[in-house]
Amino acid sequence: MAELGSKGVTAGKIASNVQKKLTRAQEKVLQKLGKADETKDEQFEQCVQNFNKQLSEGTRLQKDLRTYLASVKAMHEASKKLTECLQEVYEPDWPGRDDTNKIAENNDLLWTDFHQKLVDQALLTMDTYLGQFPDIKSRIAKRGRKLVDYDSARHHFEALQTAKKKDETKIAKAEEELVKAQKVFEEMNVDLQEELPSLWNSRVGFYVNTFQSIAGLEENFHKEMSKLNQNLHDVLLGLDKQYSGNAFPVKAQPSDSTPAKANKSPSPPPDGSPITSPETKTVNHELEPSTLEAPGASIPKSPSQLRKGPPVPPPPKVTPSKEIKQENIISLFDDNFVPEISVTTPSQPAEAAHAGAEAAGSEAAAGAEASKTEADSGSSSLPAVVVETFPATVNGTVEGGASSERSDMPPGFLFKVQAMHDYVATDSDELQLKAGDVVLVIPFENPEEQDEGWLMGVKESDWIQHKELDQCRGVFPENFTERVQ
């Protein structure tokens, strides 16, 4: 019987709850259709909006705080592995070995303490703060249901009173239910009216305490960590002083990305032969032993691979400016004749070239007289020295008779060169050369812009076709060419 009684009570409660839900649903439908008025409290609705906003902000802060703690934990692990690596590479015989081990231990303890204090003073406080929201949220929802019950009871009572046929028994019962529903609703409403504003105002103090705690913990942590880092720095400084002679130099790697034209300088050739330039180029009037056994020239690398200066030139191929004829050879091994050969450079003035030619002629004449005297005395029989003079040159060009040749040349024409190898231009102001191209060399408009090992010129084919100097001229590496005139 007890079981049946309990079952009956349970069934009655279920039926009552179902009836309440149906009544509330019906009341809400009538209110939405405008057939029944709804009790509203604008002040309470504003408190509910503030409550929802406060809950959203607190939930976000809790999420971000957990992310921050996870980052601290990850940083702790990374720092721990780094100090372990230092302990492994730090050899036992190095000074400060025990100090580094102690610093590593204190570093691990400091990270652990920082993380634990953040959990205790920030995260747990945050969880306690948010723990009060679910209960209040459920009470707000229950207060809304009780408000619907109150409206429903009020409408039912009013309907019975306005009915044509009044039933006093039903009116009395409806009035009793109305008073009961109103009492329940007002009790919950008064409590929430007091708690919600207080909860809303408490957010300021909570935010201040939470972030002050985090800031203070961070400050203390970084102070202690800076002391450990300073101690580690002192230990490593002592190690560096003891092994300063074995320091590993850190050098910057050269970059081949953007070459600077102003830094171009000719590189020495592989065989160590000198590089000729417009300032120091000798006239080939004498043979050198190295030129008689010069191996075949190899193709130099493209300047795009040697961005720091002009390409490496091939071994120089020296060609005498005059063939030495058999009848012009005198006994150079005779102690009574020591000829002097004057050498002029392109940068020397015309007076120096004339002076050198006159000096060579006077020395040769003196040798001829000495050989004639010896022939008269019968001591020896030497042929007369044949002296062949050459026109003086200025900047590599022959003075006199050049006006007719220069009439068809670009202004300031100096001399001609022929490309011995292909050259691929790397800048817009450079000439593209093919082996065999003839280039007319002209001076730079601003001598200060000329780089060592580079010449300014225009290809002869372009000049003959266009006669336009500004569009056709460009710079090129001198060591890719050979002078022909």
# chains A, B, ... in the order shown; residues from 1 in each chain; ligands from 1

$ residues_around --residues "segment 128-135 of chain A" --least-positions-apart "3" --cutoff "10 Å" --atoms "only C-alpha atoms" --output "list in words"
Phe51, Asn52, Gln54, Leu55, Gly58, Thr59, Gln62, Leu123, Leu124, Thr125, Ser138, Arg139, Ile140, Leu199, Ser202, Arg203 and Phe206 of chain A

$ atom_distance --atom1 "atom CA of Glu219 of chain A" --atom2 "atom CA of Gly238 of chain A"
29.0 Å

$ atom_distance --atom1 "atom CA of Trp454 of chain A" --atom2 "atom CA of Glu478 of chain A"
5.4 Å

$ residues_around --residues "segment 100-117 of chain A" --least-positions-apart "4" --cutoff "12 Å" --atoms "only C-alpha atoms" --output "PyMOL selection string"
chain A and resi 65-66+68-92+94-96+121-125+213-236+239

$ write_last_selection --atoms "C-alpha atoms" --output "PDB file, in the first residue's frame"
ATOM      1  CA  LEU A  65      43.591  33.241 -17.929  1.00  0.00           C
ATOM      2  CA  ARG A  66      43.727  29.498 -18.536  1.00  0.00           C
ATOM      3  CA  TYR A  68      47.979  32.394 -20.055  1.00  0.00           C
ATOM      4  CA  LEU A  69      48.703  29.692 -17.491  1.00  0.00           C
ATOM      5  CA  ALA A  70      49.191  27.128 -20.258  1.00  0.00           C
ATOM      6  CA  SER A  71      51.695  29.468 -21.902  1.00  0.00           C
ATOM      7  CA  VAL A  72      53.555  29.889 -18.602  1.00  0.00           C
ATOM      8  CA  LYS A  73      53.701  26.118 -18.277  1.00  0.00           C
ATOM      9  CA  ALA A  74      55.024  25.753 -21.822  1.00  0.00           C
ATOM     10  CA  MET A  75      57.619  28.466 -21.199  1.00  0.00           C
ATOM     11  CA  HIS A  76      58.659  26.663 -18.042  1.00  0.00           C
ATOM     12  CA  GLU A  77      59.261  23.463 -19.971  1.00  0.00           C
ATOM     13  CA  ALA A  78      61.199  25.286 -22.694  1.00  0.00           C
ATOM     14  CA  SER A  79      63.383  27.080 -20.134  1.00  0.00           C
ATOM     15  CA  LYS A  80      63.987  23.819 -18.297  1.00  0.00           C
ATOM     16  CA  LYS A  81      65.167  22.079 -21.471  1.00  0.00           C
ATOM     17  CA  LEU A  82      67.431  24.996 -22.308  1.00  0.00           C
ATOM     18  CA  THR A  83      69.127  24.915 -18.920  1.00  0.00           C
ATOM     19  CA  GLU A  84      69.473  21.140 -19.164  1.00  0.00           C
ATOM     20  CA  CYS A  85      71.215  21.607 -22.504  1.00  0.00           C
ATOM     21  CA  LEU A  86      73.597  24.106 -20.875  1.00  0.00           C
ATOM     22  CA  GLN A  87      74.384  21.607 -18.132  1.00  0.00           C
ATOM     23  CA  GLU A  88      75.155  18.914 -20.696  1.00  0.00           C
ATOM     24  CA  VAL A  89      77.524  21.045 -22.780  1.00  0.00           C
ATOM     25  CA  TYR A  90      79.202  22.603 -19.724  1.00  0.00           C
ATOM     26  CA  GLU A  91      82.260  20.409 -19.193  1.00  0.00           C
ATOM     27  CA  PRO A  92      83.183  19.328 -15.644  1.00  0.00           C
ATOM     28  CA  TRP A  94      85.282  24.357 -16.641  1.00  0.00           C
ATOM     29  CA  PRO A  95      85.038  26.934 -13.837  1.00  0.00           C
ATOM     30  CA  GLY A  96      81.563  27.604 -12.461  1.00  0.00           C
ATOM     31  CA  GLN A 121      45.646  33.850  -6.538  1.00  0.00           C
ATOM     32  CA  ALA A 122      44.092  34.264  -9.977  1.00  0.00           C
ATOM     33  CA  LEU A 123      42.557  31.136 -11.438  1.00  0.00           C
ATOM     34  CA  LEU A 124      40.941  29.777  -8.275  1.00  0.00           C
ATOM     35  CA  THR A 125      39.622  33.236  -7.421  1.00  0.00           C
ATOM     36  CA  SER A 213      47.696  39.875  -8.297  1.00  0.00           C
ATOM     37  CA  ILE A 214      48.889  38.888 -11.767  1.00  0.00           C
ATOM     38  CA  ALA A 215      50.953  42.068 -12.142  1.00  0.00           C
ATOM     39  CA  GLY A 216      52.552  41.662  -8.703  1.00  0.00           C
ATOM     40  CA  LEU A 217      53.415  38.014  -9.324  1.00  0.00           C
ATOM     41  CA  GLU A 218      54.941  38.861 -12.681  1.00  0.00           C
ATOM     42  CA  GLU A 219      56.988  41.676 -11.171  1.00  0.00           C
ATOM     43  CA  ASN A 220      58.450  39.474  -8.430  1.00  0.00           C
ATOM     44  CA  PHE A 221      59.068  36.660 -10.885  1.00  0.00           C
ATOM     45  CA  HIS A 222      60.990  38.854 -13.307  1.00  0.00           C
ATOM     46  CA  LYS A 223      63.048  40.383 -10.481  1.00  0.00           C
ATOM     47  CA  GLU A 224      64.153  36.978  -9.258  1.00  0.00           C
ATOM     48  CA  MET A 225      64.703  35.747 -12.782  1.00  0.00           C
ATOM     49  CA  SER A 226      66.878  38.766 -13.600  1.00  0.00           C
ATOM     50  CA  LYS A 227      69.085  37.936 -10.605  1.00  0.00           C
ATOM     51  CA  LEU A 228      69.525  34.376 -11.839  1.00  0.00           C
ATOM     52  CA  ASN A 229      70.319  35.614 -15.338  1.00  0.00           C
ATOM     53  CA  GLN A 230      72.898  38.036 -13.933  1.00  0.00           C
ATOM     54  CA  ASN A 231      74.533  35.229 -11.978  1.00  0.00           C
ATOM     55  CA  LEU A 232      74.636  33.064 -15.089  1.00  0.00           C
ATOM     56  CA  HIS A 233      76.113  35.958 -17.053  1.00  0.00           C
ATOM     57  CA  ASP A 234      78.886  36.378 -14.456  1.00  0.00           C
ATOM     58  CA  VAL A 235      79.702  32.660 -14.570  1.00  0.00           C
ATOM     59  CA  LEU A 236      79.907  32.634 -18.360  1.00  0.00           C
ATOM     60  CA  LEU A 239      84.598  31.151 -18.426  1.00  0.00           C
TER      61      LEU A 239
END

$ atom_distance --atom1 "atom CA of Tyr150 of chain A" --atom2 "atom CA of Asn50 of chain A"
25.0 Å

$ closest_residue --among "A:Ile136, A:Pro447, A:Pro197, A:Gly412" --to "Leu469 of chain A" --atoms "only C-alpha atoms"
A:Gly412

$ residues_around --residues "Gln471 of chain A" --least-positions-apart "4" --cutoff "12 Å" --atoms "only C-alpha atoms" --output "NGL selection string"
:A and (428-431 or 457-459 or 462-463 or 466-467)
